[in-house]
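Raw contents of protein.cif, mmCIF, C-alpha atoms:
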data_start
loop_
_atom_site.label_atom_id
_atom_site.label_comp_id
_atom_site.auth_asym_id
_atom_site.auth_seq_id
_atom_site.Cartn_x
_atom_site.Cartn_y
_atom_site.Cartn_z
CA MET A 1 35.28 -4.10 18.54
CA THR A 2 34.38 -0.56 17.49
CA ALA A 3 34.22 1.19 14.14
CA THR A 4 37.85 1.50 13.08
CA GLN A 5 39.62 4.38 11.44
CA HIS A 6 40.69 4.54 7.81
CA PRO A 7 43.11 7.44 7.23
CA THR A 8 41.67 9.32 4.24
CA THR A 9 42.14 12.95 5.21
CA ALA A 10 44.16 15.20 7.49
CA PRO A 11 43.13 15.21 11.17
CA GLY A 12 39.94 17.20 11.63
CA GLU A 13 39.35 17.65 7.92
CA GLY A 14 37.39 14.40 7.60
CA ALA A 15 34.81 15.40 10.18
CA ASP A 16 34.31 18.70 8.36
CA LEU A 17 33.80 16.86 5.05
CA ASP A 18 31.30 14.50 6.67
CA ALA A 19 29.38 17.47 8.05
CA ARG A 20 29.39 19.20 4.66
CA THR A 21 28.26 15.99 2.95
CA LYS A 22 25.33 15.64 5.33
CA SER A 23 24.38 19.29 4.95
CA LEU A 24 24.34 19.08 1.16
CA ASP A 25 22.40 15.84 1.30
CA ARG A 26 19.75 17.13 3.67
CA ASN A 27 19.32 20.39 1.78
CA HIS A 28 19.27 19.10 -1.78
CA VAL A 29 18.87 15.30 -2.10
CA PHE A 30 15.46 13.63 -2.11
CA HIS A 31 15.79 10.01 -0.97
CA SER A 32 13.89 6.99 -2.21
CA TRP A 33 11.37 5.05 -0.09
CA SER A 34 11.71 7.52 2.78
CA ALA A 35 9.97 10.22 4.75
CA GLN A 36 12.47 12.99 4.26
CA GLY A 37 12.25 14.98 7.49
CA ALA A 38 14.03 12.71 9.97
CA LEU A 39 16.62 11.14 7.68
CA ASP A 40 20.19 10.88 8.93
CA PRO A 41 22.03 8.87 6.27
CA MET A 42 25.52 7.54 6.88
CA VAL A 43 28.28 9.13 4.84
CA VAL A 44 30.27 6.87 2.54
CA ALA A 45 33.44 8.44 1.15
CA GLY A 46 35.31 5.39 -0.09
CA GLY A 47 35.46 1.63 -0.19
CA LEU A 48 37.70 -1.30 -1.00
CA GLY A 49 36.81 -4.96 -1.13
CA CYS A 50 34.37 -5.67 1.70
CA HIS A 51 34.89 -2.35 3.53
CA VAL A 52 33.55 1.20 3.27
CA TRP A 53 34.46 4.31 5.25
CA ASP A 54 33.45 7.91 5.77
CA HIS A 55 35.65 11.01 5.38
CA ALA A 56 36.65 10.90 9.03
CA GLY A 57 37.94 7.38 8.49
CA ASN A 58 35.34 5.36 10.38
CA ARG A 59 35.52 1.99 8.66
CA TYR A 60 32.79 -0.64 8.31
CA LEU A 61 32.69 -4.23 7.15
CA ASP A 62 29.98 -4.14 4.49
CA PHE A 63 27.61 -7.06 5.00
CA SER A 64 24.89 -5.33 2.99
CA SER A 65 26.74 -5.13 -0.33
CA GLN A 66 24.92 -1.76 -0.38
CA LEU A 67 21.63 -2.88 -1.97
CA VAL A 68 22.84 -6.48 -2.35
CA ASN A 69 24.61 -5.57 -5.57
CA VAL A 70 28.34 -5.10 -4.92
CA ASN A 71 29.06 -8.77 -5.57
CA ILE A 72 32.66 -8.30 -6.66
CA GLY A 73 33.40 -5.93 -3.79
CA HIS A 74 34.15 -2.22 -3.77
CA GLN A 75 36.64 -0.73 -6.22
CA HIS A 76 37.79 -3.94 -7.86
CA PRO A 77 40.80 -2.77 -9.91
CA LYS A 78 39.92 -4.77 -13.03
CA VAL A 79 36.42 -3.32 -13.23
CA VAL A 80 37.65 0.22 -12.57
CA ALA A 81 40.35 -0.19 -15.23
CA ALA A 82 37.82 -1.50 -17.78
CA ILE A 83 35.60 1.55 -17.24
CA GLN A 84 38.56 3.92 -17.47
CA ALA A 85 39.83 2.34 -20.70
CA GLN A 86 36.39 2.52 -22.31
CA ALA A 87 35.90 6.13 -21.21
CA ALA A 88 39.18 7.03 -22.91
CA GLN A 89 38.12 5.27 -26.13
CA LEU A 90 34.39 6.02 -26.44
CA ALA A 91 32.29 7.30 -23.54
CA THR A 92 28.86 6.92 -25.13
CA ILE A 93 27.15 5.86 -28.34
CA ALA A 94 23.56 5.43 -29.52
CA PRO A 95 21.98 2.00 -28.95
CA ALA A 96 21.11 1.60 -32.65
CA THR A 97 24.80 1.30 -33.50
CA ALA A 98 26.91 -1.84 -33.28
CA ASN A 99 29.62 -1.63 -30.64
CA LEU A 100 32.27 -4.22 -29.91
CA THR A 101 32.22 -3.68 -26.15
CA ARG A 102 28.44 -4.10 -26.04
CA GLY A 103 28.62 -7.27 -28.10
CA GLU A 104 31.35 -8.77 -25.93
CA ALA A 105 29.35 -8.02 -22.79
CA ALA A 106 26.29 -9.75 -24.25
CA ARG A 107 28.38 -12.77 -25.27
CA ARG A 108 29.78 -13.18 -21.78
CA ILE A 109 26.30 -13.12 -20.23
CA ILE A 110 24.87 -15.58 -22.77
CA GLU A 111 27.77 -18.01 -22.28
CA ARG A 112 26.76 -18.37 -18.63
CA ALA A 113 23.01 -18.62 -19.26
CA PRO A 114 20.90 -21.71 -20.03
CA ALA A 115 20.90 -22.89 -23.63
CA GLY A 116 18.33 -21.34 -25.92
CA LEU A 117 18.59 -17.77 -24.64
CA ASP A 118 20.82 -16.14 -27.22
CA LYS A 119 19.85 -12.47 -27.20
CA VAL A 120 20.20 -9.71 -24.59
CA PHE A 121 18.17 -6.53 -24.42
CA PHE A 122 20.13 -4.10 -22.26
CA THR A 123 18.37 -1.73 -19.87
CA ASN A 124 19.42 0.81 -17.26
CA GLY A 125 18.69 -1.44 -14.27
CA GLY A 126 16.58 -4.23 -12.86
CA ALA A 127 13.23 -2.42 -12.78
CA ASP A 128 13.18 -1.63 -16.48
CA ALA A 129 14.51 -5.11 -17.22
CA ASN A 130 11.36 -6.52 -15.62
CA GLU A 131 9.28 -3.86 -17.35
CA ASN A 132 10.53 -4.95 -20.76
CA ALA A 133 10.27 -8.65 -19.96
CA ILE A 134 6.59 -8.12 -19.15
CA ARG A 135 6.18 -6.24 -22.43
CA MET A 136 7.82 -9.07 -24.38
CA ALA A 137 5.63 -11.68 -22.72
CA ARG A 138 2.47 -9.76 -23.53
CA LEU A 139 3.47 -9.23 -27.13
CA HIS A 140 4.54 -12.87 -27.53
CA THR A 141 1.31 -14.32 -26.14
CA GLY A 142 -1.19 -11.65 -27.10
CA ARG A 143 -2.41 -11.81 -23.50
CA ASP A 144 -2.47 -9.27 -20.70
CA LYS A 145 -2.27 -10.69 -17.18
CA VAL A 146 0.93 -11.14 -15.21
CA VAL A 147 0.98 -13.38 -12.14
CA SER A 148 3.57 -12.67 -9.44
CA THR A 149 3.84 -13.28 -5.71
CA TYR A 150 2.92 -11.12 -2.75
CA ARG A 151 6.34 -11.64 -1.21
CA SER A 152 8.37 -10.09 -4.01
CA TYR A 153 10.10 -6.98 -5.26
CA HIS A 154 10.55 -6.34 -8.98
CA GLY A 155 11.40 -2.64 -9.20
CA ASN A 156 10.03 0.89 -9.11
CA THR A 157 8.82 1.46 -12.70
CA GLY A 158 5.17 1.30 -13.75
CA ALA A 159 4.49 -2.40 -14.30
CA ALA A 160 7.41 -3.65 -12.18
CA VAL A 161 6.19 -1.97 -9.00
CA VAL A 162 2.67 -3.33 -9.52
CA ALA A 163 4.10 -6.80 -10.09
CA THR A 164 5.85 -6.28 -6.75
CA GLY A 165 3.93 -7.78 -3.85
CA ASP A 166 5.07 -5.76 -0.84
CA TRP A 167 3.69 -2.48 0.54
CA ARG A 168 5.35 -0.39 -2.16
CA ARG A 169 2.83 -1.67 -4.69
CA VAL A 170 -0.21 -0.25 -2.95
CA PRO A 171 0.33 3.52 -3.49
CA ASN A 172 1.53 2.88 -7.07
CA GLU A 173 -1.15 0.66 -8.62
CA TYR A 174 -1.53 2.36 -11.97
CA ALA A 175 -0.57 -0.53 -14.28
CA ARG A 176 -3.16 -3.02 -15.48
CA GLY A 177 -3.47 -6.77 -15.55
CA HIS A 178 -1.57 -7.83 -12.43
CA VAL A 179 -2.56 -10.79 -10.26
CA HIS A 180 -0.80 -11.91 -7.07
CA VAL A 181 -0.42 -15.29 -5.38
CA PHE A 182 1.36 -16.61 -2.31
CA GLY A 183 4.65 -18.30 -3.07
CA PRO A 184 6.27 -20.98 -0.90
CA TYR A 185 7.53 -19.85 2.51
CA LEU A 186 7.47 -22.82 4.87
CA TYR A 187 8.39 -20.89 8.03
CA ARG A 188 5.20 -18.81 7.66
CA SER A 189 3.25 -21.17 5.44
CA GLU A 190 -0.03 -19.92 3.98
CA PHE A 191 -0.92 -23.55 3.26
CA TRP A 192 -0.66 -25.24 6.69
CA ALA A 193 2.31 -27.19 5.36
CA THR A 194 4.76 -28.91 7.68
CA THR A 195 7.41 -30.13 5.20
CA PRO A 196 9.13 -28.60 2.17
CA GLU A 197 7.40 -31.16 -0.03
CA GLU A 198 3.95 -30.18 1.28
CA GLU A 199 4.75 -26.50 0.88
CA SER A 200 5.83 -27.01 -2.72
CA GLU A 201 2.80 -29.13 -3.63
CA ARG A 202 0.29 -26.81 -1.98
CA ALA A 203 1.86 -23.59 -3.30
CA LEU A 204 1.74 -25.07 -6.81
CA ARG A 205 -1.89 -26.05 -6.36
CA HIS A 206 -2.68 -22.51 -5.19
CA LEU A 207 -0.90 -21.04 -8.23
CA ARG A 208 -2.70 -23.43 -10.58
CA ARG A 209 -6.10 -22.57 -9.12
CA VAL A 210 -5.46 -18.83 -9.44
CA VAL A 211 -4.31 -19.19 -13.05
CA GLU A 212 -7.36 -21.32 -13.86
CA SER A 213 -9.70 -18.95 -12.06
CA GLU A 214 -8.26 -15.92 -13.84
CA GLY A 215 -8.54 -17.79 -17.12
CA ALA A 216 -5.30 -19.41 -18.24
CA SER A 217 -5.82 -18.11 -21.77
CA SER A 218 -5.64 -14.55 -20.39
CA VAL A 219 -2.31 -14.99 -18.56
CA ALA A 220 0.77 -13.77 -20.41
CA ALA A 221 3.44 -14.50 -17.80
CA VAL A 222 4.32 -15.85 -14.41
CA LEU A 223 7.03 -13.59 -12.99
CA LEU A 224 9.07 -14.92 -10.05
CA GLU A 225 12.30 -14.07 -8.33
CA THR A 226 14.29 -17.30 -8.52
CA ILE A 227 15.05 -16.73 -4.83
CA PRO A 228 12.93 -13.90 -3.42
CA GLY A 229 15.44 -11.45 -1.99
CA THR A 230 14.12 -8.29 -0.38
CA ALA A 231 11.05 -10.25 0.76
CA GLY A 232 13.14 -12.62 2.86
CA ILE A 233 15.64 -14.76 0.89
CA MET A 234 13.22 -17.68 0.64
CA VAL A 235 14.89 -20.53 -1.23
CA PRO A 236 12.10 -22.36 -3.08
CA PRO A 237 11.43 -25.92 -1.95
CA PRO A 238 12.21 -28.90 -4.20
CA GLY A 239 9.92 -29.19 -7.18
CA TYR A 240 8.41 -25.72 -7.03
CA LEU A 241 10.24 -24.08 -9.93
CA ALA A 242 9.85 -27.19 -12.07
CA GLY A 243 6.14 -27.20 -11.25
CA VAL A 244 5.81 -23.58 -12.34
CA ARG A 245 7.61 -24.43 -15.58
CA ALA A 246 5.20 -27.32 -16.23
CA LEU A 247 2.15 -25.13 -15.54
CA CYS A 248 3.43 -22.46 -17.91
CA ASP A 249 4.09 -25.06 -20.61
CA GLN A 250 0.60 -26.50 -20.22
CA HIS A 251 -1.08 -23.16 -20.80
CA GLY A 252 1.33 -21.38 -23.15
CA ILE A 253 2.40 -18.92 -20.44
CA VAL A 254 5.79 -17.21 -20.50
CA MET A 255 7.95 -18.00 -17.44
CA ILE A 256 10.08 -15.03 -16.34
CA LEU A 257 12.73 -15.50 -13.68
CA ASP A 258 13.90 -12.29 -12.01
CA GLU A 259 17.59 -12.80 -11.21
CA VAL A 260 18.28 -9.12 -10.54
CA MET A 261 19.37 -9.75 -6.95
CA ALA A 262 19.98 -13.50 -6.94
CA GLY A 263 22.20 -13.73 -10.03
CA PHE A 264 25.91 -13.50 -10.78
CA GLY A 265 27.40 -15.15 -7.73
CA ARG A 266 24.97 -14.06 -5.04
CA ALA A 267 23.50 -17.57 -4.60
CA GLY A 268 26.85 -19.23 -5.26
CA GLU A 269 26.08 -19.78 -8.96
CA TRP A 270 26.34 -17.66 -12.09
CA PHE A 271 22.55 -17.72 -12.17
CA ALA A 272 20.60 -18.73 -9.07
CA LEU A 273 18.51 -21.07 -11.23
CA ASP A 274 21.65 -23.20 -11.66
CA ALA A 275 21.23 -24.25 -8.01
CA PHE A 276 18.04 -26.11 -8.98
CA SER A 277 18.83 -29.21 -11.01
CA GLU A 278 15.09 -29.69 -11.59
CA LEU A 279 15.33 -26.86 -14.16
CA ASP A 280 18.11 -28.50 -16.22
CA GLY A 281 16.96 -28.23 -19.82
CA HIS A 282 13.67 -26.67 -18.73
CA GLY A 283 14.61 -23.14 -17.87
CA PRO A 284 12.65 -19.90 -18.13
CA ASP A 285 11.67 -18.10 -21.31
CA LEU A 286 13.05 -14.78 -20.09
CA ILE A 287 15.65 -13.94 -17.42
CA THR A 288 16.07 -10.44 -16.03
CA PHE A 289 19.34 -9.33 -14.48
CA ALA A 290 21.19 -6.28 -13.12
CA LYS A 291 23.07 -5.68 -9.82
CA GLY A 292 25.74 -8.40 -9.70
CA VAL A 293 26.40 -8.48 -13.45
CA ASN A 294 28.78 -5.55 -12.89
CA SER A 295 28.26 -4.92 -9.15
CA GLY A 296 26.51 -1.65 -9.90
CA TYR A 297 29.69 0.20 -10.88
CA VAL A 298 27.70 1.71 -13.78
CA PRO A 299 23.88 1.46 -13.94
CA VAL A 300 22.87 -1.47 -16.17
CA GLY A 301 20.42 -4.34 -16.42
CA GLY A 302 18.91 -6.49 -19.10
CA VAL A 303 16.68 -9.27 -20.35
CA LEU A 304 17.95 -12.60 -21.63
CA ILE A 305 15.49 -13.62 -24.35
CA SER A 306 14.61 -17.12 -25.53
CA ASP A 307 15.04 -17.82 -29.22
CA ALA A 308 11.28 -18.28 -29.69
CA ILE A 309 10.44 -14.87 -28.23
CA ALA A 310 13.33 -13.12 -29.98
CA ALA A 311 12.08 -14.53 -33.31
CA ASP A 312 8.79 -12.65 -32.87
CA PHE A 313 10.65 -9.46 -33.60
CA ASP A 314 12.59 -10.57 -36.67
CA GLU A 315 9.97 -8.95 -38.91
CA THR A 316 7.97 -7.00 -36.31
CA VAL A 317 9.31 -3.90 -34.59
CA PHE A 318 9.91 -4.29 -30.86
CA PRO A 319 8.14 -1.25 -29.38
CA GLY A 320 10.68 -0.41 -26.70
CA GLY A 321 14.04 1.23 -26.28
CA LEU A 322 16.28 3.31 -24.03
CA THR A 323 18.81 6.02 -24.86
CA TYR A 324 21.42 4.26 -22.74
CA SER A 325 20.65 0.65 -23.70
CA GLY A 326 23.98 -1.14 -23.85
CA HIS A 327 25.90 1.96 -22.78
CA PRO A 328 29.60 1.32 -23.52
CA LEU A 329 30.80 2.21 -20.01
CA ALA A 330 28.26 -0.20 -18.56
CA ALA A 331 29.20 -2.86 -21.09
CA ALA A 332 32.89 -2.44 -20.27
CA SER A 333 32.12 -2.83 -16.57
CA ILE A 334 30.28 -6.08 -17.30
CA ILE A 335 33.27 -7.45 -19.20
CA GLY A 336 35.66 -6.40 -16.45
CA ALA A 337 33.47 -7.86 -13.71
CA LEU A 338 32.61 -11.20 -15.33
CA ASP A 339 36.18 -11.80 -16.50
CA ALA A 340 37.55 -11.05 -13.03
CA MET A 341 34.92 -13.23 -11.36
CA GLU A 342 35.88 -16.11 -13.67
CA GLU A 343 39.64 -15.67 -13.33
CA GLU A 344 39.58 -15.26 -9.55
CA GLY A 345 37.03 -17.98 -8.76
CA ILE A 346 34.71 -15.49 -7.10
CA VAL A 347 31.48 -17.40 -7.75
CA ALA A 348 33.06 -20.58 -6.38
CA ASN A 349 34.19 -18.60 -3.32
CA ALA A 350 30.62 -17.44 -2.71
CA ARG A 351 29.37 -21.03 -2.90
CA ARG A 352 32.08 -22.34 -0.56
CA ILE A 353 31.81 -19.52 1.97
CA GLY A 354 28.07 -20.05 2.22
CA ALA A 355 28.39 -23.79 2.76
CA GLU A 356 31.41 -23.73 5.06
CA ALA A 357 31.29 -20.42 6.92
CA ILE A 358 28.09 -18.38 6.74
CA GLY A 359 25.62 -21.27 6.90
CA PRO A 360 27.29 -23.07 9.82
CA GLY A 361 27.97 -19.78 11.61
CA LEU A 362 24.33 -18.71 11.42
CA ALA A 363 23.16 -22.16 12.48
CA GLU A 364 25.25 -21.84 15.64
CA LEU A 365 23.74 -18.43 16.36
CA ALA A 366 20.24 -19.83 15.85
CA GLU A 367 20.95 -22.55 18.41
CA LYS A 368 22.27 -20.02 20.91
CA HIS A 369 19.83 -17.11 20.63
CA PRO A 370 16.07 -17.37 21.33
CA VAL A 371 15.44 -14.25 19.23
CA VAL A 372 16.39 -16.17 16.08
CA GLY A 373 13.43 -17.98 14.56
CA GLU A 374 15.05 -19.28 11.38
CA VAL A 375 18.13 -18.88 9.19
CA ARG A 376 18.04 -19.73 5.49
CA GLY A 377 19.98 -19.09 2.31
CA LEU A 378 22.63 -20.08 -0.21
CA GLY A 379 26.01 -18.66 -1.17
CA VAL A 380 26.30 -15.13 0.21
CA PHE A 381 22.50 -14.72 0.31
CA TRP A 382 21.12 -15.42 3.81
CA ALA A 383 18.35 -14.21 6.09
CA VAL A 384 18.13 -14.30 9.88
CA GLU A 385 14.47 -14.10 10.87
CA LEU A 386 14.04 -12.49 14.29
CA VAL A 387 11.06 -13.36 16.49
CA ALA A 388 9.71 -12.22 19.82
CA ASP A 389 8.49 -15.76 20.54
CA ARG A 390 9.73 -18.93 18.88
CA ASP A 391 6.51 -20.81 19.53
CA THR A 392 4.17 -18.23 17.98
CA ARG A 393 6.82 -16.95 15.54
CA ALA A 394 5.65 -13.41 16.24
CA PRO A 395 8.08 -10.99 14.56
CA VAL A 396 10.18 -8.67 16.68
CA PRO A 397 8.90 -5.07 16.61
CA PRO A 398 10.56 -2.48 14.35
CA ALA A 399 12.26 -0.84 17.33
CA LEU A 400 14.38 -3.95 17.87
CA ILE A 401 15.46 -3.99 14.23
CA GLY A 402 16.49 -0.37 14.65
CA LEU A 403 18.43 -1.35 17.74
CA ALA A 404 20.12 -4.20 15.89
CA LYS A 405 21.24 -1.85 13.10
CA LYS A 406 22.57 0.68 15.61
CA GLU A 407 24.53 -1.94 17.57
CA CYS A 408 25.98 -3.49 14.39
CA MET A 409 27.17 -0.08 13.21
CA ALA A 410 28.70 0.69 16.59
CA ARG A 411 30.79 -2.48 16.20
CA GLY A 412 31.98 -1.63 12.69
CA LEU A 413 29.53 -3.80 10.74
CA LEU A 414 27.23 -2.38 8.05
CA PRO A 415 24.09 -4.58 8.12
CA PHE A 416 21.13 -5.04 5.81
CA ALA A 417 17.80 -5.04 7.63
CA ALA A 418 14.33 -5.67 6.20
CA ASP A 419 11.11 -6.04 8.19
CA ASN A 420 11.96 -8.41 11.08
CA ARG A 421 15.09 -9.79 9.45
CA LEU A 422 18.81 -9.26 9.16
CA HIS A 423 20.02 -10.24 5.70
CA VAL A 424 23.58 -11.54 5.66
CA VAL A 425 24.69 -10.50 2.19
CA PRO A 426 28.40 -9.65 1.97
CA PRO A 427 30.26 -9.35 -1.33
CA CYS A 428 31.13 -12.63 -3.02
CA VAL A 429 34.81 -11.92 -2.31
CA VAL A 430 34.29 -12.10 1.46
CA THR A 431 36.89 -14.14 3.37
CA ASP A 432 36.55 -16.66 6.17
CA ASP A 433 38.15 -14.20 8.60
CA GLN A 434 35.68 -11.48 7.64
CA VAL A 435 32.76 -13.88 8.11
CA ALA A 436 34.13 -14.78 11.55
CA GLU A 437 34.39 -11.08 12.40
CA ALA A 438 30.79 -10.51 11.33
CA MET A 439 29.53 -13.54 13.25
CA ALA A 440 31.11 -12.17 16.42
CA VAL A 441 29.24 -8.91 15.90
CA TYR A 442 25.95 -10.69 15.22
CA ASP A 443 26.51 -12.77 18.36
CA ASP A 444 26.93 -9.62 20.47
CA VAL A 445 23.92 -7.92 18.92
CA LEU A 446 21.64 -10.96 19.22
CA THR A 447 22.61 -11.23 22.89
CA ILE A 448 21.34 -7.68 23.35
CA LEU A 449 18.11 -8.50 21.51
CA ASP A 450 17.58 -11.67 23.58
CA ARG A 451 17.33 -9.47 26.65
CA GLU A 452 14.69 -7.30 24.98
CA ILE A 453 12.18 -9.99 24.02
#

structure tokens encoding of this file:
Amino acid sequence: MTATQHPTTAPGEGADLDARTKSLDRNHVFHSWSAQGALDPMVVAGGLGCHVWDHAGNRYLDFSSQLVNVNIGHQHPKVVAAIQAQAAQLATIAPATANLTRGEAARRIIERAPAGLDKVFFTNGGADANENAIRMARLHTGRDKVVSTYRSYHGNTGAAVVATGDWRRVPNEYARGHVHVFGPYLYRSEFWATTPEEESERALRHLRRVVESEGASSVAAVLLETIPGTAGIMVPPPGYLAGVRALCDQHGIVMILDEVMAGFGRAGEWFALDAFSELDGHGPDLITFAKGVNSGYVPVGGVLISDAIAADFDETVFPGGLTYSGHPLAAASIIGALDAMEEEGIVANARRIGAEAIGPGLAELAEKHPVVGEVRGLGVFWAVELVADRDTRAPVPPALIGLAKKECMARGLLPFAADNRLHVVPPCVVTDDQVAEAMAVYDDVLTILDREI
């Protein structure tokens, strides 16, 4: 299979538009997380459902969901129509006003959240959602420190990037009061664990000892991705999240769950925390969200706030705000997306496709290909960990990940690669046939990588 054509322009015109797009990009656009000189970004001119294409019509099956955010797929007509209708009625309004669209968006989010979180503070995206959740936790507790994991990503703003655990934190450490721990990751256990139960118990003991050593009375919050995404889609072992909740309760610490990537269908649930029955009735104090809440059609994020924390600001001013908080176009896109996801059973599709198609398909590839060390995930949120040696679990070198990306693209599949992993993260609307198509591509590409290790 090769990249297929999608007729968008007259013959020859598409190639010219692609060339112009690249020229404008290279001359005038400064890209995130990149050395600028050698960049050669792909051109995306259009998309529909699980596919994107360039101006020349080269078409790709999108198994990246861009940045793991296009949960409802590209150009869903109900979301586009909701944005268009709102733009015709009222394109923008100040956040201090009351707006029906904003209120309806908040109601739809709250209806799907755990009980006891009845207010939403809207932000422009996931990073500033985490930023404001940290602020709320500090104000609520009167404490300063925030504990998060090394294998995490929480965003690019001041406190969020320092709460992040990966390499992006290091050149940006300007915020105060951040402490990091190792979270559970059995495949590369920091705790010499051999079972999920051991990993959970020992990771919790490590967290407890760090909190105690830092001084529990100085810790405002424990901030965790419910399922760490960019760091490797590491589903927490049984008992871990409940153990964190118990530790927070013991010491009066705010528990923040970052659902920016994992929420709204990605893990096969409205919120990824719903996959963990151990949290029933004992959920977090704050939940941050973005990405899948409207599939990124308009920039938006937010914080779901527990009643106890929201009450702090009944008589005291909350010292935070954004010009575009609860922007009506963003709010309309949330309504359009969540209503369509409900009506069309999109979250249920993500759960089923993970259990019946992606999970079994990746397990077969793991059995067949020595380069695969482990596969793991839920819903449409999976990681394939690639190793040069299964016994030592040594990661494949970056050059092989580059090769994997190139070979996927040559076969019409847009992959998501991170470190030594391929993340299998299609939109929640993906079909069984599309999963089968992607698995055939992964099979071909892994065969090539097997020969290289």

List every residue of segment 261-334 of chain A that has an atom at most 10 Å from any atom of segment 417-432 of chain A, and for each one report the closest atom pair and its distance in Å to one decimal, counting only C-alpha atoms, with rows sorted by chain and then by increasing residue number, as a Markdown table.
| residue | atom | partner | partner_atom | distance |
| --- | --- | --- | --- | --- |
| A:Phe264 | CA | A:Cys428 | CA | 9.4 |
| A:Gly265 | CA | A:Cys428 | CA | 6.5 |
| A:Arg266 | CA | A:Cys428 | CA | 6.6 |
| A:Ala267 | CA | A:Cys428 | CA | 9.2 |
| A:Gly268 | CA | A:Cys428 | CA | 8.2 |
| A:Gly292 | CA | A:Pro427 | CA | 9.6 |
| A:Ser295 | CA | A:Pro427 | CA | 9.2 |

Deliver the residues from the most recent selection as a file, using C-alpha atoms, as a PDB file, in the coordinates of the input.
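again11.pdb, written as the output of this step:
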ATOM      1  CA  PHE A 264      25.910 -13.500 -10.780  1.00  0.00           C
ATOM      2  CA  GLY A 265      27.400 -15.150  -7.730  1.00  0.00           C
ATOM      3  CA  ARG A 266      24.970 -14.060  -5.040  1.00  0.00           C
ATOM      4  CA  ALA A 267      23.500 -17.570  -4.600  1.00  0.00           C
ATOM      5  CA  GLY A 268      26.850 -19.230  -5.260  1.00  0.00           C
ATOM      6  CA  GLY A 292      25.740  -8.400  -9.700  1.00  0.00           C
ATOM      7  CA  SER A 295      28.260  -4.920  -9.150  1.00  0.00           C
TER       8      SER A 295
END

Please identify all polymer residues within 10 Å of Pro95 of chain A, counting all atoms listed in the file, omitting same-chain residues fewer than 2 positions from it, and present them as a PyMOL selection string.
chain A and resi 92-93+97-99+102+122+321-328

Could you tell me, as number ranges by chain, exactly which residues end up selected when the PyMOL selection byres ((chain A and resi 269-278) around 8) is applied to this structure?
A: 112-113, 226-227, 238-239, 241-242, 259, 262-268, 279-280, 282-283, 347-348, 351, 379

Skip Ser32 of chain A itself and residues of its chain fewer than 2 positions away, then list as a count of residues only all residues within 12 Å of it, counting all atoms listed in the file.
9

Please write as an MDAnalysis selection string the full residue list that the PyMOL selection byres ((chain A and resi 71-88) around 6) yields on this file.
chainID A and resid 47:50 69:70 89:91 292 295 329 332:333 336:337 427:428

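Using all atoms listed in the file for every distance, the candidate list A:Gly177, A:Pro196, A:Pro237, A:Pro415 yields A:Pro415 as the residue closest to Tyr442 of chain A.
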
Selection near Leu186 of chain A, 8 Å with all atoms listed in the file, sequence-local residues under 4 positions removed, as number ranges by chain
A: 193-196, 199

How would you write as a compact mmCIF listing (two decimals) with C-alpha atoms, in the frame of the given file the residues that get within 9 Å of (4.6, -18.2, -21.4) in the file's frame, counting only C-alpha atoms?
# COMPACT_ATOMS: atom_id res chain seq x y z
CA ALA A 137 5.63 -11.68 -22.72
CA ARG A 138 2.47 -9.76 -23.53
CA HIS A 140 4.54 -12.87 -27.53
CA THR A 141 1.31 -14.32 -26.14
CA VAL A 219 -2.31 -14.99 -18.56
CA ALA A 220 0.77 -13.77 -20.41
CA ALA A 221 3.44 -14.50 -17.80
CA VAL A 222 4.32 -15.85 -14.41
CA CYS A 248 3.43 -22.46 -17.91
CA ASP A 249 4.09 -25.06 -20.61
CA HIS A 251 -1.08 -23.16 -20.80
CA GLY A 252 1.33 -21.38 -23.15
CA ILE A 253 2.40 -18.92 -20.44
CA VAL A 254 5.79 -17.21 -20.50
CA MET A 255 7.95 -18.00 -17.44
CA ILE A 256 10.08 -15.03 -16.34
CA PRO A 284 12.65 -19.90 -18.13
CA ASP A 285 11.67 -18.10 -21.31

Counting only C-alpha atoms, write as a PyMOL selection string all protein and nucleic acid residues lying at most 9 Å from (16.7, -1.3, -9.1) in the file's frame.
chain A and resi 67+124-128+154-156+260+290-291+301

Residue neighbourhood Glu13 of chain A, 9 Å, only C-alpha atoms, exclusion window fewer than 4 positions, as a ChimeraX atom specification
/A:9,17-18,55-56

Using the selection just defined, write its residues with C-alpha atoms as a short mmCIF file (atom, residue, chain, number, x, y, z; two decimals), in the frame of the given file.
data_model
loop_
_atom_site.label_atom_id
_atom_site.label_comp_id
_atom_site.auth_asym_id
_atom_site.auth_seq_id
_atom_site.Cartn_x
_atom_site.Cartn_y
_atom_site.Cartn_z
CA THR A 9 42.14 12.95 5.21
CA LEU A 17 33.80 16.86 5.05
CA ASP A 18 31.30 14.50 6.67
CA HIS A 55 35.65 11.01 5.38
CA ALA A 56 36.65 10.90 9.03
#

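When only C-alpha atoms are used to measure the gap to Asp54 of chain A, the shortest distance among A:Leu24, A:Ala19, A:Ala308, A:Val181 belongs to A:Ala19.
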
Find, counting only C-alpha atoms, the residue in A:Val179, A:Val375, A:Met409, A:Val303 that gets nearest to Asp62 of chain A.
A:Met409

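Of the residues under consideration (A:Arg245, A:Arg376, A:Lys368, A:Lys406), A:Arg245 shows the shortest atom-to-atom contact distance to Leu204 of chain A when counting all atoms listed in the file.
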
d(atom CA of Phe416 of chain A, atom CA of Pro228 of chain A) in Å:
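For atom CA of Phe416 of chain A relative to atom CA of Pro228 of chain A, the distance reads 15.2 Å.
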